[in-house]
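start_22.csv (CSV, C-alpha atoms)
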chain,number,residue,atom,x,y,z
A,1,MET,CA,-0.1,2.7,28.0
A,2,ILE,CA,-0.2,5.9,30.0
A,3,TRP,CA,2.5,8.5,29.2
A,4,ARG,CA,3.3,11.1,31.7
A,5,ALA,CA,2.5,14.6,30.4
A,6,ALA,CA,5.8,15.9,31.8
A,7,ALA,CA,7.7,13.3,29.8
A,8,LEU,CA,6.1,14.1,26.5
A,9,SER,CA,7.2,16.9,24.1
A,10,VAL,CA,6.0,17.2,20.5
A,11,TRP,CA,7.2,19.6,17.8
A,12,ILE,CA,7.0,19.9,14.1
A,13,VAL,CA,9.7,21.8,12.3
A,14,LEU,CA,10.2,21.7,8.5
A,15,GLY,CA,8.5,18.3,8.2
A,16,ARG,CA,10.1,16.8,11.3
A,17,PHE,CA,8.0,15.6,14.2
A,18,MET,CA,9.7,14.4,17.4
A,19,VAL,CA,8.5,12.7,20.5
A,20,SER,CA,10.6,12.1,23.6
A,21,TRP,CA,10.0,10.1,26.7
A,22,ALA,CA,12.1,10.9,29.8
A,23,GLY,CA,13.1,8.1,32.1
A,24,THR,CA,15.9,6.2,33.7
A,25,ASP,CA,17.3,3.1,32.0
A,26,SER,CA,18.6,-0.1,33.6
A,27,GLU,CA,22.3,-0.4,33.8
A,28,GLU,CA,23.8,-1.9,30.6
A,29,PRO,CA,25.0,-5.4,31.0
A,30,ASN,CA,28.7,-6.2,31.5
A,31,LEU,CA,29.3,-9.2,29.2
A,32,MET,CA,32.1,-11.7,28.9
A,33,ALA,CA,31.5,-12.1,25.1
A,34,GLN,CA,33.8,-10.3,22.7
A,35,ALA,CA,30.8,-9.4,20.6
A,36,ALA,CA,27.1,-9.4,21.4
A,37,VAL,CA,23.8,-8.1,20.4
A,38,LEU,CA,20.2,-7.9,21.8
A,39,MET,CA,17.6,-7.5,19.0
A,40,ASP,CA,13.9,-6.9,18.9
A,41,ALA,CA,12.6,-9.9,17.0
A,42,GLU,CA,9.6,-8.1,15.6
A,43,THR,CA,11.5,-5.3,13.9
A,44,GLY,CA,15.1,-6.5,13.7
A,45,ARG,CA,16.2,-3.4,15.6
A,46,VAL,CA,19.3,-3.6,17.7
A,47,LEU,CA,18.4,-2.8,21.3
A,48,PHE,CA,21.9,-3.3,22.7
A,49,GLY,CA,25.2,-4.1,21.2
A,50,LYS,CA,28.8,-4.8,22.2
A,51,ASN,CA,31.1,-4.7,19.1
A,52,GLU,CA,28.0,-5.9,17.3
A,53,ASP,CA,29.6,-5.2,13.8
A,54,GLN,CA,32.9,-6.7,14.6
A,55,ILE,CA,33.7,-9.8,12.5
A,56,HIS,CA,34.3,-13.1,14.4
A,57,PRO,CA,34.2,-16.8,13.6
A,58,MET,CA,30.9,-18.3,14.7
A,59,ALA,CA,31.4,-22.0,15.1
A,60,SER,CA,28.3,-24.3,15.0
A,61,THR,CA,25.9,-21.4,15.2
A,62,THR,CA,26.5,-21.7,11.4
A,63,LYS,CA,24.1,-24.7,11.5
A,64,ILE,CA,21.0,-22.5,11.7
A,65,MET,CA,21.7,-21.4,8.1
A,66,THR,CA,22.4,-25.0,7.1
A,67,CYS,CA,19.1,-26.1,8.6
A,68,ILE,CA,16.9,-23.4,7.1
A,69,LEU,CA,18.4,-23.9,3.6
A,70,ALA,CA,17.8,-27.6,3.7
A,71,LEU,CA,14.2,-27.1,4.8
A,72,GLU,CA,13.6,-24.5,2.0
A,73,TYR,CA,15.3,-26.3,-0.8
A,74,ALA,CA,14.8,-30.0,-0.1
A,75,SER,CA,12.1,-32.4,1.2
A,76,PRO,CA,12.5,-33.7,4.8
A,77,GLU,CA,11.6,-37.2,3.4
A,78,ASP,CA,14.5,-37.2,0.9
A,79,GLY,CA,17.1,-40.0,1.2
A,80,VAL,CA,20.6,-38.6,1.8
A,81,THR,CA,23.5,-40.9,0.8
A,82,VAL,CA,26.7,-40.4,2.7
A,83,SER,CA,29.9,-39.5,0.9
A,84,SER,CA,33.4,-40.4,2.0
A,85,TYR,CA,34.0,-36.7,2.6
A,86,ALA,CA,31.0,-36.3,4.8
A,87,ALA,CA,31.9,-39.4,6.8
A,88,SER,CA,35.4,-38.0,7.4
A,89,MET,CA,34.3,-35.0,9.4
A,90,PRO,CA,35.9,-34.6,12.9
A,91,ASP,CA,34.1,-34.6,16.2
A,92,VAL,CA,31.4,-33.8,17.0
A,93,GLN,CA,30.0,-36.5,14.7
A,94,LEU,CA,27.0,-38.8,14.4
A,95,GLY,CA,29.3,-41.5,13.0
A,96,ILE,CA,27.6,-42.0,9.6
A,97,ARG,CA,29.4,-44.2,7.1
A,98,GLU,CA,30.1,-43.9,3.4
A,99,GLY,CA,27.3,-45.3,1.3
A,100,GLU,CA,24.7,-45.3,4.1
A,101,THR,CA,21.4,-43.5,3.4
A,102,TYR,CA,19.4,-41.4,5.9
A,103,ARG,CA,16.2,-39.4,5.8
A,104,LEU,CA,17.0,-35.7,5.5
A,105,LYS,CA,14.7,-34.9,8.5
A,106,ASP,CA,16.6,-37.2,10.8
A,107,LEU,CA,20.0,-35.7,9.8
A,108,LEU,CA,18.5,-32.2,10.6
A,109,TYR,CA,17.7,-33.3,14.1
A,110,SER,CA,21.3,-34.7,14.4
A,111,LEU,CA,22.5,-31.3,13.1
A,112,MET,CA,20.6,-29.1,15.4
A,113,LEU,CA,20.3,-31.2,18.6
A,114,GLU,CA,23.7,-32.7,18.8
A,115,SER,CA,25.6,-30.4,16.4
A,116,HIS,CA,27.1,-33.3,14.3
A,117,ASN,CA,29.6,-32.1,11.8
A,118,ASP,CA,29.3,-35.1,9.5
A,119,SER,CA,25.5,-34.7,9.2
A,120,ALA,CA,26.1,-31.0,8.2
A,121,VAL,CA,28.2,-32.0,5.3
A,122,ALA,CA,25.9,-34.8,4.2
A,123,ILE,CA,23.0,-32.4,4.2
A,124,ALA,CA,25.0,-29.7,2.3
A,125,GLU,CA,26.1,-32.2,-0.4
A,126,HIS,CA,22.5,-33.5,-0.8
A,127,VAL,CA,21.0,-30.0,-1.2
A,128,ALA,CA,23.6,-28.4,-3.4
A,129,GLY,CA,25.7,-31.2,-4.8
A,130,SER,CA,28.9,-30.1,-3.0
A,131,ARG,CA,30.1,-28.3,0.0
A,132,GLU,CA,31.4,-25.4,-2.1
A,133,ALA,CA,28.0,-25.0,-3.9
A,134,PHE,CA,26.2,-25.1,-0.6
A,135,ALA,CA,28.5,-22.4,0.7
A,136,ASP,CA,27.5,-20.2,-2.3
A,137,MET,CA,23.8,-20.8,-1.3
A,138,MET,CA,24.6,-19.8,2.3
A,139,ASN,CA,26.3,-16.6,1.2
A,140,GLN,CA,23.5,-15.7,-1.2
A,141,LYS,CA,20.9,-16.2,1.5
A,142,ALA,CA,22.9,-14.1,3.9
A,143,ARG,CA,22.9,-11.3,1.4
A,144,ASP,CA,19.2,-11.7,0.8
A,145,ILE,CA,18.6,-11.3,4.6
A,146,GLY,CA,20.7,-8.1,4.6
A,147,CYS,CA,24.0,-9.4,5.9
A,148,THR,CA,27.1,-7.8,4.3
A,149,ASP,CA,29.8,-8.9,6.7
A,150,THR,CA,29.0,-12.6,6.8
A,151,PHE,CA,31.0,-15.2,4.9
A,152,PHE,CA,30.3,-18.9,5.0
A,153,ILE,CA,32.8,-21.6,3.9
A,154,THR,CA,31.6,-24.7,5.7
A,155,PRO,CA,28.1,-26.0,6.5
A,156,ASN,CA,29.1,-27.0,10.0
A,157,GLY,CA,31.1,-24.0,11.3
A,158,LEU,CA,34.5,-25.5,11.6
A,159,ASP,CA,37.2,-22.9,11.4
A,160,ALA,CA,38.1,-22.3,7.8
A,161,LYS,CA,39.8,-19.8,5.5
A,162,GLU,CA,39.1,-19.4,1.8
A,163,GLU,CA,41.7,-21.0,-0.5
A,164,GLU,CA,42.4,-17.8,-2.4
A,165,GLY,CA,42.0,-14.7,-0.3
A,166,GLU,CA,42.0,-13.6,3.3
A,167,LYS,CA,38.4,-14.2,4.3
A,168,ILE,CA,37.6,-16.6,7.1
A,169,HIS,CA,34.3,-18.4,8.0
A,170,SER,CA,32.8,-15.6,10.0
A,171,THR,CA,29.9,-13.2,10.8
A,172,THR,CA,29.0,-10.4,13.3
A,173,ALA,CA,26.8,-10.6,16.3
A,174,LYS,CA,24.2,-8.4,14.6
A,175,GLU,CA,24.1,-10.4,11.4
A,176,LEU,CA,24.0,-13.7,13.3
A,177,ALA,CA,20.9,-12.4,15.1
A,178,LEU,CA,19.4,-11.3,11.8
A,179,ILE,CA,19.9,-14.8,10.4
A,180,MET,CA,18.2,-16.3,13.5
A,181,ARG,CA,15.3,-13.8,13.0
A,182,TYR,CA,14.9,-15.0,9.5
A,183,CYS,CA,15.0,-18.7,10.5
A,184,MET,CA,12.4,-18.3,13.3
A,185,PHE,CA,10.1,-15.6,12.0
A,186,LEU,CA,10.4,-14.9,8.3
A,187,SER,CA,11.3,-18.1,6.5
A,188,PRO,CA,8.4,-20.0,4.8
A,189,LYS,CA,9.8,-23.0,6.8
A,190,LYS,CA,9.9,-21.3,10.1
A,191,GLU,CA,7.5,-23.7,11.8
A,192,ASP,CA,9.6,-26.7,10.7
A,193,PHE,CA,12.7,-25.0,12.0
A,194,LEU,CA,11.2,-24.4,15.4
A,195,GLU,CA,9.8,-28.0,15.5
A,196,ILE,CA,13.3,-29.4,15.1
A,197,THR,CA,15.3,-26.9,17.3
A,198,ARG,CA,12.8,-27.2,20.2
A,199,ALA,CA,12.7,-31.0,20.3
A,200,PRO,CA,14.1,-32.4,23.5
A,201,SER,CA,15.3,-35.5,21.7
A,202,HIS,CA,15.0,-37.6,18.6
A,203,THR,CA,15.5,-41.3,17.8
A,204,PHE,CA,15.9,-42.7,14.3
A,205,SER,CA,17.6,-45.3,12.1
A,206,ASN,CA,19.3,-45.3,8.8
A,207,VAL,CA,17.1,-46.2,5.8
A,208,GLU,CA,18.7,-49.6,5.6
A,209,GLY,CA,17.5,-50.2,9.2
A,210,THR,CA,20.9,-51.5,10.3
A,211,ARG,CA,21.8,-48.8,12.8
A,212,SER,CA,19.9,-46.7,15.3
A,213,PHE,CA,20.7,-43.4,16.9
A,214,SER,CA,19.4,-41.1,19.7
A,215,CYS,CA,19.9,-37.4,19.8
A,216,ILE,CA,19.5,-35.1,22.9
A,217,ASN,CA,19.0,-31.4,22.6
A,218,HIS,CA,22.1,-29.6,24.1
A,219,ASN,CA,20.5,-26.1,24.1
A,220,ALA,CA,20.3,-25.8,27.9
A,221,LEU,CA,18.5,-22.5,27.7
A,222,LEU,CA,15.3,-24.3,26.6
A,223,THR,CA,15.0,-25.9,30.0
A,224,THR,CA,16.6,-23.2,32.2
A,225,MET,CA,15.1,-20.0,31.1
A,226,GLU,CA,11.3,-19.3,31.0
A,227,GLY,CA,10.2,-18.2,27.6
A,228,ALA,CA,13.2,-19.6,25.7
A,229,LEU,CA,12.0,-20.4,22.1
A,230,SER,CA,15.0,-21.7,20.2
A,231,GLY,CA,18.8,-21.5,19.9
A,232,LYS,CA,22.1,-22.9,18.8
A,233,THR,CA,25.4,-23.3,20.6
A,234,GLY,CA,28.8,-23.5,19.1
A,235,PHE,CA,32.5,-23.9,19.9
A,236,THR,CA,35.8,-24.1,18.0
A,237,ASN,CA,39.3,-23.1,19.1
A,238,GLY,CA,39.1,-20.1,16.8
A,239,ALA,CA,35.6,-19.0,17.7
A,240,GLY,CA,35.4,-19.8,21.4
A,241,TYR,CA,32.0,-20.4,22.9
A,242,CYS,CA,29.1,-18.9,20.8
A,243,TYR,CA,25.4,-18.8,21.1
A,244,VAL,CA,22.4,-17.4,19.3
A,245,GLY,CA,18.8,-17.8,20.5
A,246,ALA,CA,15.4,-16.2,21.1
A,247,VAL,CA,13.4,-15.7,24.3
A,248,ARG,CA,9.8,-14.4,24.7
A,249,LYS,CA,8.9,-12.3,27.7
A,250,GLY,CA,5.2,-11.5,27.7
A,251,GLU,CA,4.6,-9.7,24.4
A,252,LYS,CA,8.3,-9.0,24.0
A,253,THR,CA,10.5,-11.3,21.9
A,254,PHE,CA,14.3,-10.9,22.1
A,255,ILE,CA,17.0,-12.4,19.9
A,256,ALA,CA,20.5,-12.5,21.4
A,257,ALA,CA,23.8,-13.5,19.8
A,258,LEU,CA,27.1,-14.0,21.5
A,259,LEU,CA,30.5,-14.5,19.8
A,260,GLY,CA,33.8,-15.3,21.5
A,261,CYS,CA,32.1,-15.8,24.9
A,262,GLY,CA,35.0,-17.4,26.6
A,263,TRP,CA,37.2,-20.4,26.0
A,264,PRO,CA,37.6,-23.7,28.0
A,265,PRO,CA,37.0,-24.1,30.9
A,266,HIS,CA,34.5,-21.2,30.8
A,267,LYS,CA,31.7,-23.0,29.1
A,268,THR,CA,29.0,-21.4,31.2
A,269,TYR,CA,29.9,-17.8,30.3
A,270,LYS,CA,27.4,-17.8,27.5
A,271,TRP,CA,24.5,-18.7,29.7
A,272,GLN,CA,25.5,-16.0,32.2
A,273,ASP,CA,25.6,-13.4,29.3
A,274,MET,CA,22.3,-14.6,27.9
A,275,ARG,CA,20.6,-14.1,31.3
A,276,LYS,CA,22.1,-10.6,31.6
A,277,LEU,CA,21.0,-9.6,28.1
A,278,ILE,CA,17.4,-10.9,28.4
A,279,SER,CA,17.0,-9.4,31.9
A,280,TYR,CA,18.3,-6.1,30.6
A,281,GLY,CA,16.0,-6.2,27.6
A,282,ASN,CA,12.9,-7.1,29.7
A,283,GLU,CA,13.6,-4.5,32.4
A,284,THR,CA,14.6,-1.6,30.1
A,285,PHE,CA,12.3,-1.9,27.0
A,286,ASP,CA,8.5,-1.6,26.7
A,287,TYR,CA,6.1,-1.1,23.9
A,288,TYR,CA,5.1,2.5,23.3
A,289,GLU,CA,2.4,3.8,20.9
A,290,VAL,CA,3.9,6.0,18.3
A,291,LEU,CA,0.9,6.8,16.1
A,292,LYS,CA,-0.8,9.2,18.5
A,293,GLU,CA,-2.5,11.1,15.7
A,294,LYS,CA,-2.6,11.5,11.9
A,295,ILE,CA,-0.3,13.9,10.3
A,296,GLU,CA,-2.1,16.7,8.3
A,297,LEU,CA,-0.4,17.8,5.0
A,298,PRO,CA,-0.8,21.0,3.0
A,299,ASP,CA,-2.1,20.9,-0.6
A,300,LEU,CA,0.5,20.0,-3.2
A,301,PRO,CA,0.9,22.3,-6.3
A,302,VAL,CA,0.1,20.7,-9.7
A,303,LEU,CA,1.8,22.0,-12.8
A,304,ASP,CA,-0.1,22.4,-16.1
A,305,GLY,CA,-3.3,21.6,-14.3
A,306,ILE,CA,-6.8,23.1,-14.6
A,307,GLU,CA,-6.8,23.2,-10.8
A,308,GLU,CA,-3.8,24.6,-9.0
A,309,ASP,CA,-3.3,21.9,-6.5
A,310,THR,CA,-4.3,18.5,-5.1
A,311,GLY,CA,-4.9,17.3,-1.5
A,312,LEU,CA,-2.6,14.9,0.2
A,313,SER,CA,-3.1,12.2,2.9
A,314,VAL,CA,-0.9,9.7,4.7
A,315,GLU,CA,-2.0,6.1,4.1
A,316,TYR,CA,-2.1,4.8,7.6
A,317,PRO,CA,-3.3,1.3,8.6
A,318,ASP,CA,-7.0,0.9,9.3
A,319,GLU,CA,-6.2,0.7,13.0
A,320,LEU,CA,-4.1,3.8,13.8
A,321,SER,CA,-1.5,2.0,15.9
A,322,LEU,CA,2.3,1.5,15.7
A,323,LYS,CA,3.7,0.0,19.0
A,324,ILE,CA,7.5,0.0,19.2
A,325,LEU,CA,9.7,-1.7,21.7
A,326,MET,CA,11.9,1.1,23.1
A,327,LYS,CA,13.3,2.7,26.1
A,328,LYS,CA,11.4,5.4,28.0
A,329,ASP,CA,13.9,8.1,26.8
A,330,ASP,CA,14.2,6.9,23.2
A,331,THR,CA,13.4,9.5,20.6
A,332,VAL,CA,11.0,8.9,17.8
A,333,THR,CA,11.5,11.1,14.7
A,334,ILE,CA,9.0,11.4,11.9
A,335,LYS,CA,10.4,12.6,8.6
A,336,LYS,CA,8.2,13.6,5.7
A,337,LYS,CA,9.4,13.2,2.1
A,338,VAL,CA,7.0,15.0,-0.2
A,339,ALA,CA,7.3,15.9,-3.9
A,340,LYS,CA,7.6,19.7,-4.5
A,341,ALA,CA,5.0,19.5,-7.2
A,342,LEU,CA,3.2,17.0,-9.5
A,343,LYS,CA,2.5,17.4,-13.2
A,344,ALA,CA,-1.1,17.1,-14.5
A,345,PRO,CA,-3.0,14.9,-15.0
A,346,VAL,CA,-3.3,13.7,-11.4
A,347,GLU,CA,-5.6,10.9,-10.2
A,348,PRO,CA,-6.6,10.3,-6.6
A,349,GLY,CA,-4.3,7.7,-5.0
A,350,MET,CA,-1.1,8.7,-6.8
A,351,ALA,CA,2.1,8.4,-4.9
A,352,ALA,CA,3.5,11.8,-3.7
A,353,GLY,CA,6.0,10.8,-1.0
A,354,GLN,CA,6.2,8.9,2.3
A,355,VAL,CA,6.4,9.4,6.0
A,356,ASP,CA,9.2,7.6,7.8
A,357,TYR,CA,9.3,6.8,11.5
A,358,TYR,CA,12.7,6.4,13.2
A,359,VAL,CA,13.7,5.3,16.7
A,360,GLY,CA,17.2,6.9,17.0
A,361,ASP,CA,18.8,6.2,13.6
A,362,ASP,CA,16.7,3.1,12.9
A,363,LEU,CA,13.9,3.2,10.4
A,364,ILE,CA,11.0,1.3,11.9
A,365,ALA,CA,8.1,2.1,9.6
A,366,SER,CA,7.1,3.9,6.4
A,367,PHE,CA,3.7,5.0,5.2
A,368,PRO,CA,3.0,6.3,1.7
A,369,ILE,CA,1.6,9.8,1.0
A,370,LYS,CA,-1.1,9.7,-1.7
A,371,THR,CA,-3.1,12.4,-3.6
A,372,THR,CA,-6.8,12.9,-2.8
A,373,ARG,CA,-8.2,14.9,-5.6
A,374,LYS,CA,-8.2,14.6,-9.4
A,375,VAL,CA,-6.5,17.4,-11.4
A,376,ARG,CA,-7.1,17.5,-15.2
A,377,LYS,CA,-4.5,18.7,-17.6
A,378,TRP,CA,-4.7,22.2,-19.1
A,379,ASN,CA,-4.4,21.7,-22.9
A,380,LEU,CA,-5.6,23.1,-26.2
A,381,ASP,CA,-8.7,20.9,-26.3
A,382,PHE,CA,-9.7,22.1,-22.8
A,383,CYS,CA,-9.0,25.8,-23.9
A,384,ALA,CA,-11.2,25.4,-27.0
A,385,LYS,CA,-14.0,23.9,-25.1
A,386,THR,CA,-13.8,26.5,-22.3
A,387,LEU,CA,-13.8,29.4,-24.9
A,388,LEU,CA,-16.8,27.9,-26.7
A,389,ASN,CA,-18.7,27.4,-23.5
A,390,ARG,CA,-18.1,31.0,-22.5
A,391,PHE,CA,-19.0,32.3,-26.0
A,392,PHE,CA,-22.4,30.5,-26.0
A,393,PHE,CA,-23.0,31.4,-22.4
A,394,CYS,CA,-22.4,35.1,-23.1
A,395,TYR,CA,-24.0,35.2,-26.6
A,396,ASN,CA,-27.2,37.3,-26.7
A,397,PRO,CA,-29.0,37.4,-30.1
A,398,GLU,CA,-31.0,40.5,-29.1
Written as structure tokens, that's how I'd like the structure from this file.
Amino acid sequence: MIWRAAALSVWIVLGRFMVSWAGTDSEEPNLMAQAAVLMDAETGRVLFGKNEDQIHPMASTTKIMTCILALEYASPEDGVTVSSYAASMPDVQLGIREGETYRLKDLLYSLMLESHNDSAVAIAEHVAGSREAFADMMNQKARDIGCTDTFFITPNGLDAKEEEGEKIHSTTAKELALIMRYCMFLSPKKEDFLEITRAPSHTFSNVEGTRSFSCINHNALLTTMEGALSGKTGFTNGAGYCYVGAVRKGEKTFIAALLGCGWPPHKTYKWQDMRKLISYGNETFDYYEVLKEKIELPDLPVLDGIEEDTGLSVEYPDELSLKILMKKDDTVTIKKKVAKALKAPVEPGMAAGQVDYYVGDDLIASFPIKTTRKVRKWNLDFCAKTLLNRFFFCYNPE
């Protein structure tokens, strides 16, 4: 990557290092969605947002969480027996019946390809014992991922409100994208998730062998956009049309989430918004090398030490490289957090602070600062030995 000299400015002031690239950005997309986000899949950084922290119901995009929890906490070969409650779910439904048994893996294809609501509840009850217990698992996983404004009530995304309280089944565009990022790139079951969600179709029977089913993938983006990796559609009267998905363009991978993207008859708005978001991301953002050179640090004072100070170094990766997806005019700020002093004894490799790299307000990388020299402690034993050594060195019997 060649950076124009006129577009580069570097300064270090009180531990702050700043790099700027000048350029002209593509025009931000005008979206139909009430809330939307474009995210860098590698870092989880929001590249573009429209009301990205606004809470909305999310319809069947919920099912990405149902799917990943089932993959992580149960075996795909498990037999799932259908309850009367699961069988009573409204359309869209597979049409499973109370008492029937299905392989969990087959129900997951039903869940993700056709978005069947009855399959979602059957899966939830099998994994956690009840819909309520599964919702608790969903909410805990959301918190683990870093979502603070997401609240799950159902495993299928049907509009719902908690029995006691004011919360509804909901999330934000940003947090929905974070959940998709976890499912696709961070979960130990990410490969299984992708295998299911990318399948064009799936045919199966119940365990008893008395009924057969065929599911078709309704994620149109997989066949209409080059580089589409995975995604999930959703619709309820309360949520409107929703979508979350990921697209790879060369070495760039984007996650996009849309909430409230039109109501009937505007079913295609979500595809228009997705194309706008991905096009904007691909045209506006490129990878830039941030680690141009190592940061040099002054020696650090050591209290009660025989030596007065120790050296410091930043523990960079072996290959000095940190490429970040960013705009030409994004600002990278490097902030150093270093201890004022250490107390003896000090060994090489002790933690003394860290160097944080930010793009705008987003923390993108941290590297530890370590000590480089040993410093022994000044104590009475050392004083006595020093005095004795000096006495014998200076003693002259003549």
**Prompt:** Within 8 Å of A:Thr62, counting all atoms listed in the file, which residues qualify if same-chain residues fewer than 6 places away don't, as a list in words?
**Reply:** Phe152, Pro155, Asn156 and Gly157 of chain A
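In this comparison, which uses all atoms listed in the file, the residue of A:Gly129, A:Gly360, A:Gly250, A:Gly281 approaching A:Ser83 most closely is A:Gly129.
Distance-wise, atom CA of A:Thr197 and atom CA of A:Ala41 end up 17.2 Å apart.
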**Complete:** In Å and to one decimal, atom CA of A:Thr253 is distant from atom CA of A:Asp40 by 6.3 Å
Set the distance at 9 Å and use all atoms listed in the file: which residues neighbour stretch 230-245 of chain A once local chain neighbours fewer than 4 positions away are removed? I'd like the list as a tab-separated table (two decimals) with C-alpha atoms, in the coordinates of the input.
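Result written to around-v1.tsv:
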chain	number	residue	atom	x	y	z
A	33	ALA	CA	31.50	-12.10	25.10
A	56	HIS	CA	34.30	-13.10	14.40
A	57	PRO	CA	34.20	-16.80	13.60
A	58	MET	CA	30.90	-18.30	14.70
A	59	ALA	CA	31.40	-22.00	15.10
A	60	SER	CA	28.30	-24.30	15.00
A	61	THR	CA	25.90	-21.40	15.20
A	62	THR	CA	26.50	-21.70	11.40
A	63	LYS	CA	24.10	-24.70	11.50
A	64	ILE	CA	21.00	-22.50	11.70
A	112	MET	CA	20.60	-29.10	15.40
A	113	LEU	CA	20.30	-31.20	18.60
A	115	SER	CA	25.60	-30.40	16.40
A	157	GLY	CA	31.10	-24.00	11.30
A	158	LEU	CA	34.50	-25.50	11.60
A	159	ASP	CA	37.20	-22.90	11.40
A	170	SER	CA	32.80	-15.60	10.00
A	173	ALA	CA	26.80	-10.60	16.30
A	176	LEU	CA	24.00	-13.70	13.30
A	177	ALA	CA	20.90	-12.40	15.10
A	180	MET	CA	18.20	-16.30	13.50
A	184	MET	CA	12.40	-18.30	13.30
A	194	LEU	CA	11.20	-24.40	15.40
A	197	THR	CA	15.30	-26.90	17.30
A	198	ARG	CA	12.80	-27.20	20.20
A	218	HIS	CA	22.10	-29.60	24.10
A	219	ASN	CA	20.50	-26.10	24.10
A	221	LEU	CA	18.50	-22.50	27.70
A	222	LEU	CA	15.30	-24.30	26.60
A	254	PHE	CA	14.30	-10.90	22.10
A	255	ILE	CA	17.00	-12.40	19.90
A	256	ALA	CA	20.50	-12.50	21.40
A	257	ALA	CA	23.80	-13.50	19.80
A	258	LEU	CA	27.10	-14.00	21.50
A	259	LEU	CA	30.50	-14.50	19.80
A	260	GLY	CA	33.80	-15.30	21.50
A	261	CYS	CA	32.10	-15.80	24.90
A	262	GLY	CA	35.00	-17.40	26.60
A	263	TRP	CA	37.20	-20.40	26.00
A	264	PRO	CA	37.60	-23.70	28.00
A	266	HIS	CA	34.50	-21.20	30.80
A	267	LYS	CA	31.70	-23.00	29.10
A	268	THR	CA	29.00	-21.40	31.20
A	269	TYR	CA	29.90	-17.80	30.30
A	270	LYS	CA	27.40	-17.80	27.50
A	271	TRP	CA	24.50	-18.70	29.70
A	274	MET	CA	22.30	-14.60	27.90
**Asked** Which of these, A:Asn117, A:Ala133, A:Gly79, A:Glu27, has the shortest distance to A:Lys276 once you count all atoms listed in the file?
**Response** A:Glu27
**Asked** Taking all atoms listed in the file into account, which of A:Met65, A:Ile278, A:Gly99, A:Thr210 comes nearest A:Val37?
**Response**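 Of the candidates, the smallest distance to A:Val37 is held by A:Ile278.
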**Message:** Using only C-alpha atoms, can you tell me which of A:Phe285, A:Tyr109, A:Phe151, A:Phe204 comes closest to A:Cys67?
**Reply:**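 Smallest separation from A:Cys67 among the options: A:Tyr109.
Straight-line separation from atom CA of A:Thr43 to atom CA of A:Ile364: 6.9 Å.
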**Asked** Nearest to A:Glu125 among A:Glu208, A:Thr81, A:Ser313, A:Thr101, with distances taken over all atoms listed in the file: which residue is it?
**Response** A:Thr81
**Asked** So which residues touch A:Pro317 within 12 Å, counting only C-alpha atoms, skipping near sequence neighbours fewer than 6 positions away, as a PyMOL selection string?
**Response** chain A and resi 291+294+365-368
As AutoDock Vina command-line options, what would the box around stretch 257-269 of chain A look like: edges along x, y and z, 5 Å added on every side, centre and edge lengths in Å to one decimal?
--center_x 30.7 --center_y -18.8 --center_z 25.5 --size_x 23.8 --size_y 20.6 --size_z 21.4
